[in-house]
file work25.csv (CSV, N, CA and C atoms)
chain,number,residue,atom,x,y,z
A,399,MET,N,25.6,9.6,-5.2
A,399,MET,CA,24.2,9.5,-5.2
A,399,MET,C,23.7,8.1,-5.2
A,400,SER,N,22.8,7.7,-4.4
A,400,SER,CA,22.3,6.3,-4.4
A,400,SER,C,21.1,6.2,-5.5
A,401,THR,N,20.6,5.0,-5.6
A,401,THR,CA,19.4,4.8,-6.4
A,401,THR,C,18.3,4.2,-5.6
A,402,VAL,N,17.1,4.3,-6.1
A,402,VAL,CA,15.9,3.8,-5.5
A,402,VAL,C,15.0,3.1,-6.6
A,403,ARG,N,14.3,2.1,-6.2
A,403,ARG,CA,13.3,1.5,-7.1
A,403,ARG,C,12.1,2.4,-7.2
A,404,VAL,N,11.5,2.5,-8.4
A,404,VAL,CA,10.4,3.4,-8.6
A,404,VAL,C,9.3,2.7,-9.4
A,405,LEU,N,8.1,2.9,-9.0
A,405,LEU,CA,6.9,2.3,-9.6
A,405,LEU,C,6.0,3.4,-10.2
A,406,SER,N,5.7,3.4,-11.4
A,406,SER,CA,4.7,4.3,-12.0
A,406,SER,C,3.3,3.8,-11.8
A,407,ILE,N,2.5,4.7,-11.4
A,407,ILE,CA,1.1,4.4,-11.1
A,407,ILE,C,0.2,5.5,-11.6
A,408,ARG,N,-0.9,5.2,-12.2
A,408,ARG,CA,-1.8,6.3,-12.7
A,408,ARG,C,-2.5,7.0,-11.5
A,409,GLN,N,-2.8,8.2,-11.7
A,409,GLN,CA,-3.6,8.9,-10.8
A,409,GLN,C,-5.1,8.5,-10.9
A,410,PRO,N,-5.9,8.4,-9.9
A,410,PRO,CA,-5.7,8.9,-8.6
A,410,PRO,C,-5.0,7.9,-7.6
A,411,TRP,N,-4.6,6.7,-8.1
A,411,TRP,CA,-4.0,5.7,-7.3
A,411,TRP,C,-2.7,6.1,-6.6
A,412,ALA,N,-1.9,6.8,-7.4
A,412,ALA,CA,-0.6,7.2,-6.8
A,412,ALA,C,-0.8,8.2,-5.6
A,413,ALA,N,-1.8,9.1,-5.8
A,413,ALA,CA,-2.1,10.1,-4.7
A,413,ALA,C,-2.7,9.3,-3.5
A,414,LEU,N,-3.5,8.4,-3.8
A,414,LEU,CA,-4.1,7.6,-2.7
A,414,LEU,C,-3.1,6.9,-1.9
A,415,ILE,N,-2.1,6.3,-2.5
A,415,ILE,CA,-1.0,5.7,-1.8
A,415,ILE,C,-0.2,6.6,-0.9
A,416,VAL,N,0.3,7.7,-1.5
A,416,VAL,CA,1.1,8.7,-0.8
A,416,VAL,C,0.4,9.4,0.3
A,417,ALA,N,-0.9,9.6,0.1
A,417,ALA,CA,-1.7,10.3,1.1
A,417,ALA,C,-2.1,9.3,2.2
A,418,GLY,N,-1.8,8.0,2.1
A,418,GLY,CA,-2.0,7.1,3.2
A,418,GLY,C,-3.4,6.4,3.2
A,419,PHE,N,-4.2,6.5,2.1
A,419,PHE,CA,-5.5,5.9,2.0
A,419,PHE,C,-5.4,4.5,1.4
A,420,LYS,N,-4.4,4.2,0.6
A,420,LYS,CA,-4.3,2.9,-0.2
A,420,LYS,C,-3.1,2.2,0.3
A,421,HIS,N,-3.3,1.0,1.0
A,421,HIS,CA,-2.2,0.3,1.6
A,421,HIS,C,-1.8,-0.9,0.8
A,422,ILE,N,-2.5,-1.3,-0.2
A,422,ILE,CA,-2.2,-2.4,-1.1
A,422,ILE,C,-2.3,-2.0,-2.5
A,423,GLU,N,-1.2,-2.2,-3.3
A,423,GLU,CA,-1.2,-2.0,-4.7
A,423,GLU,C,-1.4,-3.3,-5.4
A,424,LEU,N,-2.3,-3.5,-6.3
A,424,LEU,CA,-2.6,-4.7,-7.0
A,424,LEU,C,-1.8,-4.7,-8.3
A,425,ARG,N,-1.1,-5.8,-8.5
A,425,ARG,CA,-0.3,-6.0,-9.8
A,425,ARG,C,-0.5,-7.4,-10.3
A,426,SER,N,-0.3,-7.6,-11.6
A,426,SER,CA,-0.4,-8.9,-12.2
A,426,SER,C,0.8,-9.7,-12.1
A,427,TRP,N,1.9,-9.1,-11.5
A,427,TRP,CA,3.2,-9.8,-11.3
A,427,TRP,C,3.7,-9.5,-9.9
A,428,PRO,N,4.5,-10.5,-9.4
A,428,PRO,CA,5.1,-10.3,-8.1
A,428,PRO,C,6.4,-9.6,-8.2
A,429,THR,N,6.9,-9.2,-7.0
A,429,THR,CA,8.3,-8.6,-6.9
A,429,THR,C,9.0,-9.2,-5.7
A,430,ARG,N,10.3,-9.3,-5.8
A,430,ARG,CA,11.1,-9.7,-4.6
A,430,ARG,C,11.6,-8.5,-3.9
A,431,HIS,N,11.4,-7.3,-4.5
A,431,HIS,CA,11.9,-6.1,-3.8
A,431,HIS,C,11.2,-5.9,-2.5
A,432,ARG,N,11.9,-5.5,-1.5
A,432,ARG,CA,11.3,-5.0,-0.2
A,432,ARG,C,12.1,-3.8,0.2
A,433,GLY,N,11.4,-2.9,0.9
A,433,GLY,CA,12.0,-1.7,1.4
A,433,GLY,C,11.5,-0.4,0.6
A,434,LEU,N,12.3,0.6,0.6
A,434,LEU,CA,11.9,1.9,0.0
A,434,LEU,C,11.5,1.7,-1.4
A,435,LEU,N,10.4,2.4,-1.8
A,435,LEU,CA,9.9,2.4,-3.1
A,435,LEU,C,9.3,3.8,-3.4
A,436,ALA,N,9.8,4.4,-4.5
A,436,ALA,CA,9.4,5.7,-4.9
A,436,ALA,C,8.1,5.5,-5.7
A,437,ILE,N,7.1,6.4,-5.5
A,437,ILE,CA,5.9,6.4,-6.2
A,437,ILE,C,5.8,7.5,-7.3
A,438,HIS,N,5.7,7.1,-8.5
A,438,HIS,CA,5.7,8.0,-9.7
A,438,HIS,C,4.2,8.2,-10.1
A,439,ALA,N,3.7,9.4,-10.2
A,439,ALA,CA,2.4,9.7,-10.7
A,439,ALA,C,2.5,9.7,-12.2
A,440,GLY,N,1.9,8.8,-12.8
A,440,GLY,CA,1.9,8.7,-14.3
A,440,GLY,C,1.2,9.8,-15.0
A,441,THR,N,1.3,10.0,-16.3
A,441,THR,CA,0.7,11.0,-17.0
A,441,THR,C,-0.7,10.7,-17.4
A,442,ARG,N,-1.1,9.5,-17.2
A,442,ARG,CA,-2.5,9.0,-17.5
A,442,ARG,C,-3.3,8.9,-16.2
A,443,ARG,N,-4.6,9.1,-16.4
A,443,ARG,CA,-5.5,9.0,-15.2
A,443,ARG,C,-6.5,7.9,-15.4
A,444,ASP,N,-6.9,7.3,-14.3
A,444,ASP,CA,-8.1,6.4,-14.3
A,444,ASP,C,-9.2,7.2,-13.7
A,445,SER,N,-10.4,6.9,-14.1
A,445,SER,CA,-11.6,7.5,-13.5
A,445,SER,C,-11.9,6.6,-12.3
A,446,ALA,N,-12.2,7.1,-11.2
A,446,ALA,CA,-12.5,6.3,-10.0
A,446,ALA,C,-13.4,7.1,-9.1
A,447,GLU,N,-14.4,6.5,-8.5
A,447,GLU,CA,-15.3,7.1,-7.5
A,447,GLU,C,-14.6,6.9,-6.2
A,448,LEU,N,-14.4,8.1,-5.5
A,448,LEU,CA,-13.6,8.0,-4.3
A,448,LEU,C,-14.6,8.5,-3.1
A,449,PRO,N,-14.3,7.9,-1.9
A,449,PRO,CA,-15.1,8.3,-0.8
A,449,PRO,C,-15.0,9.8,-0.5
A,450,GLN,N,-16.0,10.4,0.0
A,450,GLN,CA,-16.0,11.9,0.3
A,450,GLN,C,-14.8,12.3,1.2
A,451,ALA,N,-14.5,11.4,2.2
A,451,ALA,CA,-13.4,11.7,3.1
A,451,ALA,C,-12.1,11.9,2.3
A,452,VAL,N,-11.9,11.1,1.3
A,452,VAL,CA,-10.7,11.1,0.5
A,452,VAL,C,-10.7,12.4,-0.3
A,453,GLU,N,-11.9,12.7,-1.0
A,453,GLU,CA,-12.0,13.9,-1.8
A,453,GLU,C,-11.7,15.2,-1.0
A,454,GLU,N,-12.1,15.2,0.3
A,454,GLU,CA,-11.9,16.4,1.1
A,454,GLU,C,-10.6,16.5,1.8
A,455,SER,N,-9.7,15.5,1.6
A,455,SER,CA,-8.4,15.5,2.2
A,455,SER,C,-7.5,16.5,1.5
A,456,LEU,N,-7.0,17.4,2.3
A,456,LEU,CA,-6.1,18.5,1.7
A,456,LEU,C,-4.9,17.8,1.1
A,457,LEU,N,-4.2,16.9,1.7
A,457,LEU,CA,-3.0,16.2,1.1
A,457,LEU,C,-3.4,15.5,-0.2
A,458,PHE,N,-4.5,14.8,-0.2
A,458,PHE,CA,-4.9,14.1,-1.4
A,458,PHE,C,-5.2,15.2,-2.5
A,459,GLY,N,-5.8,16.3,-2.2
A,459,GLY,CA,-6.1,17.3,-3.1
A,459,GLY,C,-4.9,17.9,-3.8
A,460,GLN,N,-3.8,18.0,-3.0
A,460,GLN,CA,-2.5,18.5,-3.5
A,460,GLN,C,-1.9,17.5,-4.5
A,461,LEU,N,-1.9,16.2,-4.0
A,461,LEU,CA,-1.2,15.2,-4.8
A,461,LEU,C,-1.9,14.8,-6.1
A,462,ILE,N,-3.2,14.9,-6.1
A,462,ILE,CA,-4.0,14.4,-7.3
A,462,ILE,C,-3.7,15.3,-8.5
A,463,GLN,N,-3.3,16.5,-8.3
A,463,GLN,CA,-3.0,17.4,-9.4
A,463,GLN,C,-1.7,17.1,-10.1
A,464,LEU,N,-0.8,16.3,-9.5
A,464,LEU,CA,0.6,16.1,-10.0
A,464,LEU,C,0.6,14.9,-11.0
A,465,GLN,N,1.3,15.0,-12.1
A,465,GLN,CA,1.4,14.0,-13.1
A,465,GLN,C,2.8,14.1,-13.7
A,466,GLY,N,3.4,12.9,-14.0
A,466,GLY,CA,4.7,12.9,-14.6
A,466,GLY,C,5.9,13.2,-13.7
A,467,VAL,N,5.6,13.0,-12.4
A,467,VAL,CA,6.6,13.3,-11.3
A,467,VAL,C,6.6,12.2,-10.2
A,468,VAL,N,7.7,12.0,-9.5
A,468,VAL,CA,7.7,11.2,-8.3
A,468,VAL,C,7.1,12.1,-7.2
A,469,ILE,N,6.1,11.6,-6.5
A,469,ILE,CA,5.4,12.4,-5.5
A,469,ILE,C,5.7,11.9,-4.1
A,470,GLY,N,6.2,10.7,-3.9
A,470,GLY,CA,6.5,10.3,-2.6
A,470,GLY,C,7.1,8.9,-2.5
A,471,THR,N,7.2,8.4,-1.3
A,471,THR,CA,7.8,7.1,-1.1
A,471,THR,C,6.9,6.3,-0.2
A,472,VAL,N,7.1,5.0,-0.2
A,472,VAL,CA,6.5,4.0,0.7
A,472,VAL,C,7.5,3.0,1.1
A,473,ASN,N,7.2,2.2,2.0
A,473,ASN,CA,7.9,1.0,2.3
A,473,ASN,C,7.2,-0.2,1.8
A,474,LEU,N,7.8,-1.0,0.9
A,474,LEU,CA,7.1,-2.2,0.4
A,474,LEU,C,7.5,-3.3,1.3
A,475,GLN,N,6.5,-3.7,2.2
A,475,GLN,CA,6.8,-4.6,3.2
A,475,GLN,C,6.6,-6.1,2.8
A,476,ASP,N,5.7,-6.3,1.8
A,476,ASP,CA,5.4,-7.7,1.5
A,476,ASP,C,4.8,-7.7,0.1
A,477,CYS,N,4.9,-8.9,-0.6
A,477,CYS,CA,4.2,-9.1,-1.8
A,477,CYS,C,3.7,-10.6,-1.7
A,478,ARG,N,2.4,-10.7,-1.9
A,478,ARG,CA,1.8,-12.0,-1.8
A,478,ARG,C,0.5,-12.1,-2.7
A,479,ARG,N,0.0,-13.2,-2.8
A,479,ARG,CA,-1.3,-13.4,-3.6
A,479,ARG,C,-2.4,-12.5,-3.0
A,480,ALA,N,-3.1,-11.8,-3.8
A,480,ALA,CA,-4.2,-11.0,-3.3
A,480,ALA,C,-5.4,-11.9,-3.0
A,481,VAL,N,-6.2,-11.5,-2.0
A,481,VAL,CA,-7.4,-12.2,-1.6
A,481,VAL,C,-8.5,-11.1,-1.5
A,482,GLN,N,-9.8,-11.6,-1.6
A,482,GLN,CA,-10.9,-10.7,-1.6
A,482,GLN,C,-10.9,-9.7,-0.4
A,483,ALA,N,-10.3,-10.1,0.7
A,483,ALA,CA,-10.3,-9.3,1.9
A,483,ALA,C,-9.4,-8.1,1.7
A,484,ASP,N,-8.6,-8.1,0.7
A,484,ASP,CA,-7.7,-6.9,0.4
A,484,ASP,C,-8.4,-5.8,-0.3
A,485,SER,N,-9.6,-5.9,-0.7
A,485,SER,CA,-10.3,-4.9,-1.5
A,485,SER,C,-10.3,-3.5,-0.8
A,486,SER,N,-10.6,-3.5,0.5
A,486,SER,CA,-10.7,-2.2,1.2
A,486,SER,C,-9.3,-1.5,1.2
A,487,ALA,N,-8.3,-2.2,1.5
A,487,ALA,CA,-6.9,-1.6,1.6
A,487,ALA,C,-6.4,-1.3,0.2
A,488,ALA,N,-6.9,-2.0,-0.9
A,488,ALA,CA,-6.5,-1.7,-2.2
A,488,ALA,C,-7.4,-0.6,-2.9
A,489,CYS,N,-8.5,-0.2,-2.2
A,489,CYS,CA,-9.4,0.8,-2.7
A,489,CYS,C,-10.1,0.4,-4.0
A,490,CYS,N,-10.2,-0.9,-4.3
A,490,CYS,CA,-10.8,-1.4,-5.4
A,490,CYS,C,-11.1,-2.9,-5.2
A,491,GLU,N,-11.9,-3.5,-6.1
A,491,GLU,CA,-12.2,-4.9,-6.1
A,491,GLU,C,-11.0,-5.7,-6.5
A,492,VAL,N,-10.8,-6.8,-5.8
A,492,VAL,CA,-9.7,-7.7,-6.2
A,492,VAL,C,-10.1,-8.7,-7.2
A,493,GLY,N,-9.4,-8.7,-8.3
A,493,GLY,CA,-9.7,-9.7,-9.4
A,493,GLY,C,-8.9,-11.0,-9.2
A,494,THR,N,-8.9,-11.8,-10.1
A,494,THR,CA,-8.2,-13.1,-10.0
A,494,THR,C,-6.8,-13.0,-10.5
A,495,ASP,N,-6.0,-13.8,-10.0
A,495,ASP,CA,-4.5,-13.9,-10.3
A,495,ASP,C,-3.8,-12.6,-10.2
A,496,LEU,N,-4.1,-11.9,-9.1
A,496,LEU,CA,-3.4,-10.7,-8.8
A,496,LEU,C,-2.4,-10.8,-7.6
A,497,TRP,N,-1.5,-9.9,-7.5
A,497,TRP,CA,-0.5,-9.9,-6.4
A,497,TRP,C,-0.8,-8.6,-5.6
A,498,ALA,N,-0.7,-8.8,-4.3
A,498,ALA,CA,-0.9,-7.7,-3.3
A,498,ALA,C,0.5,-7.2,-2.9
A,499,TRP,N,0.8,-6.0,-3.3
A,499,TRP,CA,2.0,-5.3,-2.8
A,499,TRP,C,1.6,-4.6,-1.5
A,500,VAL,N,2.1,-5.0,-0.4
A,500,VAL,CA,1.6,-4.4,0.9
A,500,VAL,C,2.6,-3.3,1.2
A,501,LEU,N,1.9,-2.1,1.4
A,501,LEU,CA,2.7,-0.8,1.6
A,501,LEU,C,2.4,-0.2,2.9
A,502,ASP,N,3.5,0.4,3.5
A,502,ASP,CA,3.3,1.2,4.7
A,502,ASP,C,4.2,2.4,4.7
A,503,ASN,N,4.1,3.2,5.7
A,503,ASN,CA,5.0,4.4,5.9
A,503,ASN,C,5.0,5.4,4.6
A,504,PRO,N,3.8,5.8,4.1
A,504,PRO,CA,3.9,6.7,3.0
A,504,PRO,C,4.4,8.1,3.4
A,505,ALA,N,5.2,8.7,2.5
A,505,ALA,CA,5.8,10.0,2.8
A,505,ALA,C,5.7,10.8,1.5
A,506,LYS,N,5.2,12.0,1.6
A,506,LYS,CA,5.1,12.9,0.4
A,506,LYS,C,6.5,13.6,0.3
A,507,LEU,N,7.0,13.8,-0.9
A,507,LEU,CA,8.2,14.5,-1.1
A,507,LEU,C,7.9,16.0,-1.0
A,508,SER,N,8.8,16.8,-0.4
A,508,SER,CA,8.6,18.2,-0.3
A,508,SER,C,8.6,18.9,-1.7
A,509,GLU,N,9.3,18.3,-2.6
A,509,GLU,CA,9.3,18.8,-4.0
A,509,GLU,C,9.2,17.6,-4.9
A,510,PRO,N,8.2,17.5,-5.8
A,510,PRO,CA,8.1,16.4,-6.7
A,510,PRO,C,9.3,16.4,-7.6
A,511,ILE,N,9.7,15.2,-8.0
A,511,ILE,CA,10.9,15.0,-8.9
A,511,ILE,C,10.4,14.6,-10.3
A,512,PRO,N,10.7,15.4,-11.3
A,512,PRO,CA,10.3,15.0,-12.7
A,512,PRO,C,10.9,13.7,-13.1
A,513,TRP,N,10.2,12.8,-13.7
A,513,TRP,CA,10.7,11.5,-14.1
A,513,TRP,C,9.8,10.9,-15.1
A,514,LYS,N,10.4,10.3,-16.1
A,514,LYS,CA,9.6,9.7,-17.2
A,514,LYS,C,9.3,8.3,-16.7
A,515,GLY,N,8.0,8.0,-16.6
A,515,GLY,CA,7.6,6.7,-16.1
A,515,GLY,C,8.0,5.6,-17.0
A,516,ARG,N,8.0,4.4,-16.5
A,516,ARG,CA,8.3,3.2,-17.3
A,516,ARG,C,7.4,2.0,-16.7
A,517,LEU,N,7.2,1.0,-17.5
A,517,LEU,CA,6.5,-0.1,-17.1
A,517,LEU,C,7.4,-1.0,-16.1
A,518,GLY,N,6.7,-1.6,-15.2
A,518,GLY,CA,7.5,-2.4,-14.2
A,518,GLY,C,8.2,-1.6,-13.2
A,519,LEU,N,9.1,-2.2,-12.5
A,519,LEU,CA,9.9,-1.6,-11.5
A,519,LEU,C,11.2,-1.2,-12.2
A,520,CYS,N,11.7,0.0,-12.0
A,520,CYS,CA,13.0,0.5,-12.5
A,520,CYS,C,13.7,1.2,-11.4
A,521,SER,N,14.9,1.6,-11.7
A,521,SER,CA,15.7,2.3,-10.7
A,521,SER,C,15.9,3.8,-11.2
A,522,MET,N,16.0,4.7,-10.2
A,522,MET,CA,16.3,6.1,-10.6
A,522,MET,C,17.3,6.6,-9.6
A,523,PRO,N,18.1,7.6,-9.9
A,523,PRO,CA,19.0,8.3,-9.0
A,523,PRO,C,18.2,8.9,-7.9
A,524,TRP,N,18.7,8.8,-6.7
A,524,TRP,CA,18.0,9.3,-5.5
A,524,TRP,C,18.9,10.2,-4.7
A,525,PRO,N,18.4,11.4,-4.4
A,525,PRO,CA,19.3,12.4,-3.7
A,525,PRO,C,19.6,12.0,-2.2
A,526,GLY,N,18.7,11.3,-1.6
A,526,GLY,CA,18.9,11.0,-0.2
A,526,GLY,C,19.4,9.6,0.1
A,527,SER,N,19.4,9.2,1.3
A,527,SER,CA,19.8,7.8,1.7
A,527,SER,C,18.6,6.9,1.4
A,528,THR,N,18.9,5.7,1.1
A,528,THR,CA,17.8,4.7,0.8
A,528,THR,C,17.8,3.7,2.0
A,529,ASP,N,18.4,4.0,3.1
A,529,ASP,CA,18.4,3.0,4.3
A,529,ASP,C,17.0,3.0,4.9
call {"tool": "encode", "arguments": {"input": "work25.csv", "output": "structure tokens"}}
result
Amino acid sequence: MSTVRVLSIRQPWAALIVAGFKHIELRSWPTRHRGLLAIHAGTRRDSAELPQAVEESLLFGQLIQLQGVVIGTVNLQDCRRAVQADSSAACCEVGTDLWAWVLDNPAKLSEPIPWKGRLGLCSMPWPGSTD
């Protein structure tokens, strides 16, 4: 069994990423990791006003209910300093001294994987190939 890097993210942000609405994750720290990244929906929620199109998305509606599990994967294609122009892709305002983790190719898992979230990036056993 291989391993994959996993990032814990509060809902609704985790669901927004895996549903393909959020293409940049803002973090206070950079990463050198590139490639497959598992998205863990944390057990805590943030309150956020979401556009009606997002609220009406069937996929988002399924994902937003999940907490404490890995819900999908993305490709982490780049990590760079965040700029104001990233606000739309990040689904929030960009603050100062933040890093933009640029994401693409979101994929929902057919079955969520229970996982205890952790701070930062960590590794977890992965049933499939990580190529």
call {"tool": "atom_distance", "arguments": {"input": "work25.csv", "atom1": "atom N of Cys520 in chain A", "atom2": "CA of Gly459 in chain A"}}
result
26.4 Å
call {"tool": "select_by_dssp", "arguments": {"input": "work25.csv", "residues": "chain A", "states": "alpha helix (DSSP H)", "output": "PyMOL selection string"}}
result
chain A and resi 411-416+450-453+456-461+485-488
call {"tool": "residues_near_point", "arguments": {"input": "work25.csv", "point": "(6.4, 12.3, 1.9)", "cutoff": "10 Å", "atoms": "only C-alpha atoms", "output": "PyMOL selection string"}}
result
chain A and resi 416-418+436+469-472+503-510
call {"tool": "residues_around", "arguments": {"input": "work25.csv", "residues": "Ile462 in chain A", "least_positions_apart": "4", "cutoff": "6.5 Å", "atoms": "all atoms listed in the file", "output": "PyMOL selection string"}}
result
chain A and resi 410+413+457-458
call {"tool": "atom_distance", "arguments": {"input": "work25.csv", "atom1": "atom C of His421 in chain A", "atom2": "atom N of Lys514 in chain A"}}
result
23.7 Å
call {"tool": "atom_distance", "arguments": {"input": "work25.csv", "atom1": "atom N of Gln463 in chain A", "atom2": "CA of Gly493 in chain A"}}
result
27.0 Å
call {"tool": "closest_residue", "arguments": {"input": "work25.csv", "among": "A:Ala412, A:Ser406, A:Val467, A:Val500", "to": "Leu517 in chain A", "atoms": "only N, CA and C atoms"}}
result
A:Ser406
call {"tool": "closest_residue", "arguments": {"input": "work25.csv", "among": "A:Ser400, A:Gly440, A:Leu414, A:Ala487", "to": "Arg516 in chain A", "atoms": "all atoms listed in the file"}}
result
A:Gly440
call {"tool": "closest_residue", "arguments": {"input": "work25.csv", "among": "A:Gln450, A:Glu491, A:Val404, A:Ser486", "to": "His438 in chain A", "atoms": "only N, CA and C atoms"}}
result
A:Val404
call {"tool": "residues_around", "arguments": {"input": "work25.csv", "residues": "Val402 in chain A", "least_positions_apart": "6", "cutoff": "5 Å", "atoms": "only N, CA and C atoms", "output": "PyMOL selection string"}}
result
chain A and resi 521-522+524
call {"tool": "closest_residue", "arguments": {"input": "work25.csv", "among": "A:Leu424, A:Ile437, A:Val492, A:Ile511", "to": "Arg403 in chain A", "atoms": "only C-alpha atoms"}}
result
A:Ile437
call {"tool": "residues_around", "arguments": {"input": "work25.csv", "residues": "Asp476 in chain A", "least_positions_apart": "5", "cutoff": "8 Å", "atoms": "all atoms listed in the file", "output": "list of chain:residue names"}}
result
A:Thr429, A:Arg430, A:His431, A:Arg432, A:Gly433, A:Ala498, A:Trp499, A:Val500, A:Leu501, A:Asp502
call {"tool": "select_by_dssp", "arguments": {"input": "work25.csv", "residues": "chain A", "states": "strand (DSSP E)", "output": "ChimeraX atom specification"}}
result
/A:400-409,422-425,433-443,467-479,497-512,519-524
call {"tool": "closest_residue", "arguments": {"input": "work25.csv", "among": "A:Leu496, A:Trp411, A:Gly515, A:Met399", "to": "Arg479 in chain A", "atoms": "all atoms listed in the file"}}
result
A:Leu496
call {"tool": "residues_around", "arguments": {"input": "work25.csv", "residues": "Pro428 in chain A", "least_positions_apart": "5", "cutoff": "8 Å", "atoms": "only C-alpha atoms", "output": "list in words"}}
result
Cys477, Arg478, Trp497 and Trp499 of chain A
call {"tool": "write_last_selection", "arguments": {"input": "work25.csv", "atoms": "N, CA and C atoms", "output": "PDB file, in the coordinates of the input"}}
result
ATOM      1  N   CYS A 477       4.900  -8.900  -0.600  1.00  0.00           N
ATOM      2  CA  CYS A 477       4.200  -9.100  -1.800  1.00  0.00           C
ATOM      3  C   CYS A 477       3.700 -10.600  -1.700  1.00  0.00           C
ATOM      4  N   ARG A 478       2.400 -10.700  -1.900  1.00  0.00           N
ATOM      5  CA  ARG A 478       1.800 -12.000  -1.800  1.00  0.00           C
ATOM      6  C   ARG A 478       0.500 -12.100  -2.700  1.00  0.00           C
ATOM      7  N   TRP A 497      -1.500  -9.900  -7.500  1.00  0.00           N
ATOM      8  CA  TRP A 497      -0.500  -9.900  -6.400  1.00  0.00           C
ATOM      9  C   TRP A 497      -0.800  -8.600  -5.600  1.00  0.00           C
ATOM     10  N   TRP A 499       0.800  -6.000  -3.300  1.00  0.00           N
ATOM     11  CA  TRP A 499       2.000  -5.300  -2.800  1.00  0.00           C
ATOM     12  C   TRP A 499       1.600  -4.600  -1.500  1.00  0.00           C
TER      13      TRP A 499
END
call {"tool": "decode", "arguments": {"input": "work25.csv", "residues": "range 458-493 of chain A", "atoms": "C-alpha atoms", "output": "PDB file, in the first residue's frame"}}
result
ATOM      1  CA  PHE A 458     -21.488  20.207  -3.097  1.00  0.00           C
ATOM      2  CA  GLY A 459     -24.672  19.273  -1.221  1.00  0.00           C
ATOM      3  CA  GLN A 460     -23.414  15.713  -0.775  1.00  0.00           C
ATOM      4  CA  LEU A 461     -19.894  16.733   0.255  1.00  0.00           C
ATOM      5  CA  ILE A 462     -20.811  19.491   2.732  1.00  0.00           C
ATOM      6  CA  GLN A 463     -22.475  16.911   5.013  1.00  0.00           C
ATOM      7  CA  LEU A 464     -19.232  14.948   5.487  1.00  0.00           C
ATOM      8  CA  GLN A 465     -16.890  15.601   8.414  1.00  0.00           C
ATOM      9  CA  GLY A 466     -13.930  13.700   9.850  1.00  0.00           C
ATOM     10  CA  VAL A 467     -13.255  11.853   6.588  1.00  0.00           C
ATOM     11  CA  VAL A 468     -11.132  12.169   3.459  1.00  0.00           C
ATOM     12  CA  ILE A 469     -13.619  13.195   0.758  1.00  0.00           C
ATOM     13  CA  GLY A 470     -11.466  13.514  -2.345  1.00  0.00           C
ATOM     14  CA  THR A 471      -8.194  14.376  -4.001  1.00  0.00           C
ATOM     15  CA  VAL A 472      -6.694  17.206  -6.008  1.00  0.00           C
ATOM     16  CA  ASN A 473      -3.463  17.876  -7.819  1.00  0.00           C
ATOM     17  CA  LEU A 474      -1.359  20.479  -6.020  1.00  0.00           C
ATOM     18  CA  GLN A 475       0.215  22.134  -9.031  1.00  0.00           C
ATOM     19  CA  ASP A 476       1.941  25.136  -7.439  1.00  0.00           C
ATOM     20  CA  CYS A 477       2.529  27.053  -4.229  1.00  0.00           C
ATOM     21  CA  ARG A 478       3.300  30.770  -4.452  1.00  0.00           C
ATOM     22  CA  ARG A 479       2.678  34.045  -2.650  1.00  0.00           C
ATOM     23  CA  ALA A 480      -1.010  34.954  -2.741  1.00  0.00           C
ATOM     24  CA  VAL A 481      -2.127  38.136  -4.501  1.00  0.00           C
ATOM     25  CA  GLN A 482      -5.457  40.011  -4.417  1.00  0.00           C
ATOM     26  CA  ALA A 483      -6.365  38.574  -7.821  1.00  0.00           C
ATOM     27  CA  ASP A 484      -6.550  35.124  -6.155  1.00  0.00           C
ATOM     28  CA  SER A 485      -9.690  36.072  -4.171  1.00  0.00           C
ATOM     29  CA  SER A 486     -12.165  34.627  -6.671  1.00  0.00           C
ATOM     30  CA  ALA A 487     -10.359  31.282  -7.042  1.00  0.00           C
ATOM     31  CA  ALA A 488      -9.877  31.105  -3.247  1.00  0.00           C
ATOM     32  CA  CYS A 489     -13.581  31.883  -2.569  1.00  0.00           C
ATOM     33  CA  CYS A 490     -12.530  34.477   0.023  1.00  0.00           C
ATOM     34  CA  GLU A 491     -10.559  37.674   0.439  1.00  0.00           C
ATOM     35  CA  VAL A 492      -6.789  37.348   0.336  1.00  0.00           C
ATOM     36  CA  GLY A 493      -5.054  38.661   3.444  1.00  0.00           C
TER      37      GLY A 493
END
